[in-house]
Structures are given as C-alpha cells and as structure tokens.
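Below you'll find the structure, written out as structure tokens, and then a few comments.
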Amino acid sequence: MSFDPSSAFAHEGSGAGSTASRCRRCGILVGMGEHCDWCQQRPTGYVDAPGEYMGRHHTEWIATLDQMLLQGDNDAAEFLLVRLVDATEAESLLAGVAPFERHFTRLGQIARSRGDDKLSRDLRRRFKECSQRVPTPRREVG
C-alpha cells in the first residue's frame, strides 16, 4: 500500500478554535475552498525546481507549518519539514546560497521532542555540511 503525501496534511484545521483549511492536493493553507489557486492551474507532470516543494518555494510553507505546529499536528509537520529541508538543501547547493536554517531547526526540535537523537544529530551535520559548501563572497577593496 502506497502513502499519499498530501494526505498527511490535507485535512481541515482541527486545533482549538482553528478555522484554517488546507488544500486537499498540496496541503498549503487556503482561505476558502478545497484547492489553492496553484493546484487548480498546475500542469500535469510539473517538476519542482530546487528550493520548491509541491510547486511552491520552501518559504511559502512557513504559515502552513506554523498552523500545523499550533494545532499539535507534529506528524504532518515532520512530514512536511523533511521535504522542506531537502528543498532548501537543493536550493543551497545549486544556487550557492546559505541553506534556510529554520527548517532544519524546527525538524530538529520535533526529533528531540520524540527522543530521536540520531535524526537531530544528522540534521545538524547536514546543515553544517551544506553551509560549508556555500562559497564565501569575496570582498573587493577599492
């Protein structure tokens, strides 16, 4: 039986007093309706660029991630964060920019709260290695 990635966070908000809903296809927060504008228009066979997950830049998922954590939906947050860490790492390596540390940090916090010290250590190592691959900008004196 295969796992549908969007099912991990495609349900309506279920936190205390929460009225936020998520796109049933990609899981991002939507104001109203069942699907976001991107998913309604996304071409079949779309391939994410480095730094993207489900057609959106990894930073566009922050509000959705915040909502998941507020609702206590750590399983969905962890699922999403694993993909966002991969996206920011790919973007960093291909674009030569520093990786977005927040995704690594948040996933590490969830890992530590679950007692998964190995994942926490692996994330710190991955972030450090990725950061070290980024070229240091040269300053011209002039």
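In the structure tokens, chains take letters A, B, ... by order of appearance, with residues numbered from 1 within each chain and ligands from 1 in the order shown.
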Can you pull out the residues contacting A:Leu119? Cut-off 12 Å, using only C-alpha atoms, and skip same-chain residues under 6 positions away; I want them as a PyMOL selection string. chain A and resi 78+82+104-113+125-126
Quick one: residues within 12 Å of A:Ile62, only C-alpha atoms, excluding same-chain residues fewer than 3 positions away - as a PyMOL selection string? chain A and resi 27-29+56-59+65-69+77+80-81+84+100+102-103+106
Which of stretch 33-113 of chain A end up as strand (DSSP E) when DSSP is run on this backbone - answer as a list of chain:residue names? A:Glu52, A:Tyr53, A:Arg56, A:His57
Applying 12 Å and only C-alpha atoms, which residues near stretch 40-44 of chain A remain after dropping the ones on its own chain fewer than 4 positions away? List them as JSON, numbers by chain. {"A": [23, 24, 25, 26, 33, 34, 35, 36, 48, 54, 55, 56]}
Pick out each residue of stretch 62-119 of chain A that DSSP on the backbone tags as helix (DSSP H, G or I); I need them as a ChimeraX atom specification. /A:62-70,74-95,101-113,117-119
I need the chosen residues saved as a compact mmCIF listing (two decimals), in the first residue's frame, with N, CA and C atoms.
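Written file, out-v3.txt:
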```txt
# COMPACT_ATOMS: atom_id res chain seq x y z
N ILE A 62 5.83 28.28 5.34
CA ILE A 62 6.02 28.62 6.75
C ILE A 62 4.70 28.82 7.48
N ALA A 63 3.75 29.54 6.90
CA ALA A 63 2.46 29.76 7.56
C ALA A 63 1.72 28.44 7.78
N THR A 64 1.78 27.55 6.80
CA THR A 64 1.14 26.24 6.92
C THR A 64 1.81 25.44 8.04
N LEU A 65 3.11 25.48 8.06
CA LEU A 65 3.86 24.77 9.09
C LEU A 65 3.54 25.33 10.48
N ASP A 66 3.48 26.66 10.60
CA ASP A 66 3.12 27.29 11.88
C ASP A 66 1.76 26.78 12.35
N GLN A 67 0.80 26.70 11.43
CA GLN A 67 -0.55 26.25 11.78
C GLN A 67 -0.53 24.79 12.24
N MET A 68 0.22 23.96 11.56
CA MET A 68 0.32 22.55 11.95
C MET A 68 0.86 22.43 13.37
N LEU A 69 1.91 23.18 13.66
CA LEU A 69 2.53 23.11 14.99
C LEU A 69 1.58 23.66 16.06
N LEU A 70 0.86 24.73 15.75
CA LEU A 70 -0.12 25.28 16.70
C LEU A 70 -1.24 24.27 16.99
N ASN A 74 2.16 17.31 14.90
CA ASN A 74 3.59 17.13 14.70
C ASN A 74 3.92 16.11 13.63
N ASP A 75 3.04 15.12 13.43
CA ASP A 75 3.29 14.13 12.37
C ASP A 75 3.30 14.80 11.00
N ALA A 76 2.28 15.62 10.74
CA ALA A 76 2.21 16.31 9.46
C ALA A 76 3.34 17.32 9.33
N ALA A 77 3.67 18.01 10.43
CA ALA A 77 4.76 18.99 10.40
C ALA A 77 6.08 18.30 10.09
N GLU A 78 6.31 17.16 10.70
CA GLU A 78 7.55 16.42 10.44
C GLU A 78 7.61 15.97 8.99
N PHE A 79 6.51 15.45 8.48
CA PHE A 79 6.44 15.00 7.09
C PHE A 79 6.79 16.15 6.15
N LEU A 80 6.20 17.32 6.40
CA LEU A 80 6.45 18.49 5.56
C LEU A 80 7.88 18.99 5.72
N LEU A 81 8.35 19.06 6.95
CA LEU A 81 9.70 19.58 7.20
C LEU A 81 10.79 18.73 6.54
N VAL A 82 10.62 17.43 6.49
CA VAL A 82 11.60 16.58 5.81
C VAL A 82 11.73 17.03 4.36
N ARG A 83 10.63 17.32 3.72
CA ARG A 83 10.64 17.74 2.32
C ARG A 83 11.18 19.16 2.17
N LEU A 84 10.88 20.03 3.14
CA LEU A 84 11.38 21.40 3.08
C LEU A 84 12.89 21.46 3.32
N VAL A 85 13.40 20.61 4.18
CA VAL A 85 14.85 20.53 4.39
C VAL A 85 15.52 20.08 3.09
N ASP A 86 14.95 19.08 2.43
CA ASP A 86 15.50 18.64 1.14
C ASP A 86 15.48 19.78 0.12
N ALA A 87 14.37 20.54 0.10
CA ALA A 87 14.23 21.64 -0.86
C ALA A 87 15.25 22.74 -0.61
N THR A 88 15.41 23.14 0.65
CA THR A 88 16.37 24.22 0.95
C THR A 88 17.80 23.76 0.73
N GLU A 89 18.06 22.48 0.98
CA GLU A 89 19.40 21.94 0.74
C GLU A 89 19.71 21.95 -0.77
N ALA A 90 18.76 21.52 -1.58
CA ALA A 90 18.96 21.51 -3.03
C ALA A 90 19.15 22.93 -3.56
N GLU A 91 18.35 23.85 -3.07
CA GLU A 91 18.47 25.24 -3.49
C GLU A 91 19.85 25.80 -3.10
N SER A 92 20.28 25.50 -1.90
CA SER A 92 21.56 25.99 -1.42
C SER A 92 22.71 25.47 -2.29
N LEU A 93 22.68 24.19 -2.58
CA LEU A 93 23.77 23.57 -3.34
C LEU A 93 23.81 24.06 -4.79
N LEU A 94 22.64 24.27 -5.38
CA LEU A 94 22.63 24.67 -6.79
C LEU A 94 22.75 26.17 -6.99
N ALA A 95 22.23 26.96 -6.06
CA ALA A 95 22.25 28.41 -6.21
C ALA A 95 23.43 29.06 -5.48
N GLU A 101 18.00 27.93 7.62
CA GLU A 101 18.23 27.21 8.87
C GLU A 101 16.94 26.85 9.63
N ARG A 102 15.91 27.65 9.48
CA ARG A 102 14.69 27.46 10.26
C ARG A 102 14.07 26.07 10.07
N HIS A 103 14.09 25.56 8.84
CA HIS A 103 13.52 24.23 8.60
C HIS A 103 14.32 23.15 9.33
N PHE A 104 15.63 23.26 9.28
CA PHE A 104 16.50 22.30 9.98
C PHE A 104 16.23 22.36 11.48
N THR A 105 16.14 23.58 12.01
CA THR A 105 15.93 23.78 13.45
C THR A 105 14.60 23.21 13.92
N ARG A 106 13.55 23.52 13.18
CA ARG A 106 12.22 23.03 13.58
C ARG A 106 12.12 21.51 13.52
N LEU A 107 12.68 20.93 12.48
CA LEU A 107 12.65 19.46 12.39
C LEU A 107 13.48 18.86 13.51
N GLY A 108 14.60 19.48 13.83
CA GLY A 108 15.42 19.02 14.95
C GLY A 108 14.68 19.10 16.28
N GLN A 109 13.88 20.14 16.47
CA GLN A 109 13.09 20.28 17.70
C GLN A 109 12.06 19.16 17.81
N ILE A 110 11.41 18.84 16.72
CA ILE A 110 10.43 17.74 16.73
C ILE A 110 11.15 16.43 17.02
N ALA A 111 12.30 16.23 16.38
CA ALA A 111 13.06 15.00 16.60
C ALA A 111 13.45 14.86 18.07
N ARG A 112 13.96 15.93 18.66
CA ARG A 112 14.36 15.86 20.08
C ARG A 112 13.15 15.64 20.99
N SER A 113 12.01 16.24 20.66
CA SER A 113 10.81 16.04 21.49
C SER A 113 10.34 14.59 21.45
N ASP A 117 17.40 11.27 18.83
CA ASP A 117 18.68 11.97 18.85
C ASP A 117 19.47 11.78 17.56
N LYS A 118 19.32 10.64 16.92
CA LYS A 118 20.04 10.38 15.67
C LYS A 118 19.60 11.36 14.59
N LEU A 119 18.29 11.55 14.43
CA LEU A 119 17.80 12.49 13.43
C LEU A 119 18.28 13.91 13.76
```
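A straight line drawn from atom CA of A:Glu129 to atom CA of A:Tyr53 is 21.6 Å long.
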Figure out the distance between atom CA of A:Gln71 and atom CA of A:Glu52, please, to one decimal in Å.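 Rounded to one decimal, the two atoms are 24.2 Å apart.
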Between atom CA of A:Gly72 and atom CA of A:Glu60, what is the distance in Å, rounded to a tenth?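 Atom CA of A:Gly72 sits 20.0 Å away from atom CA of A:Glu60.
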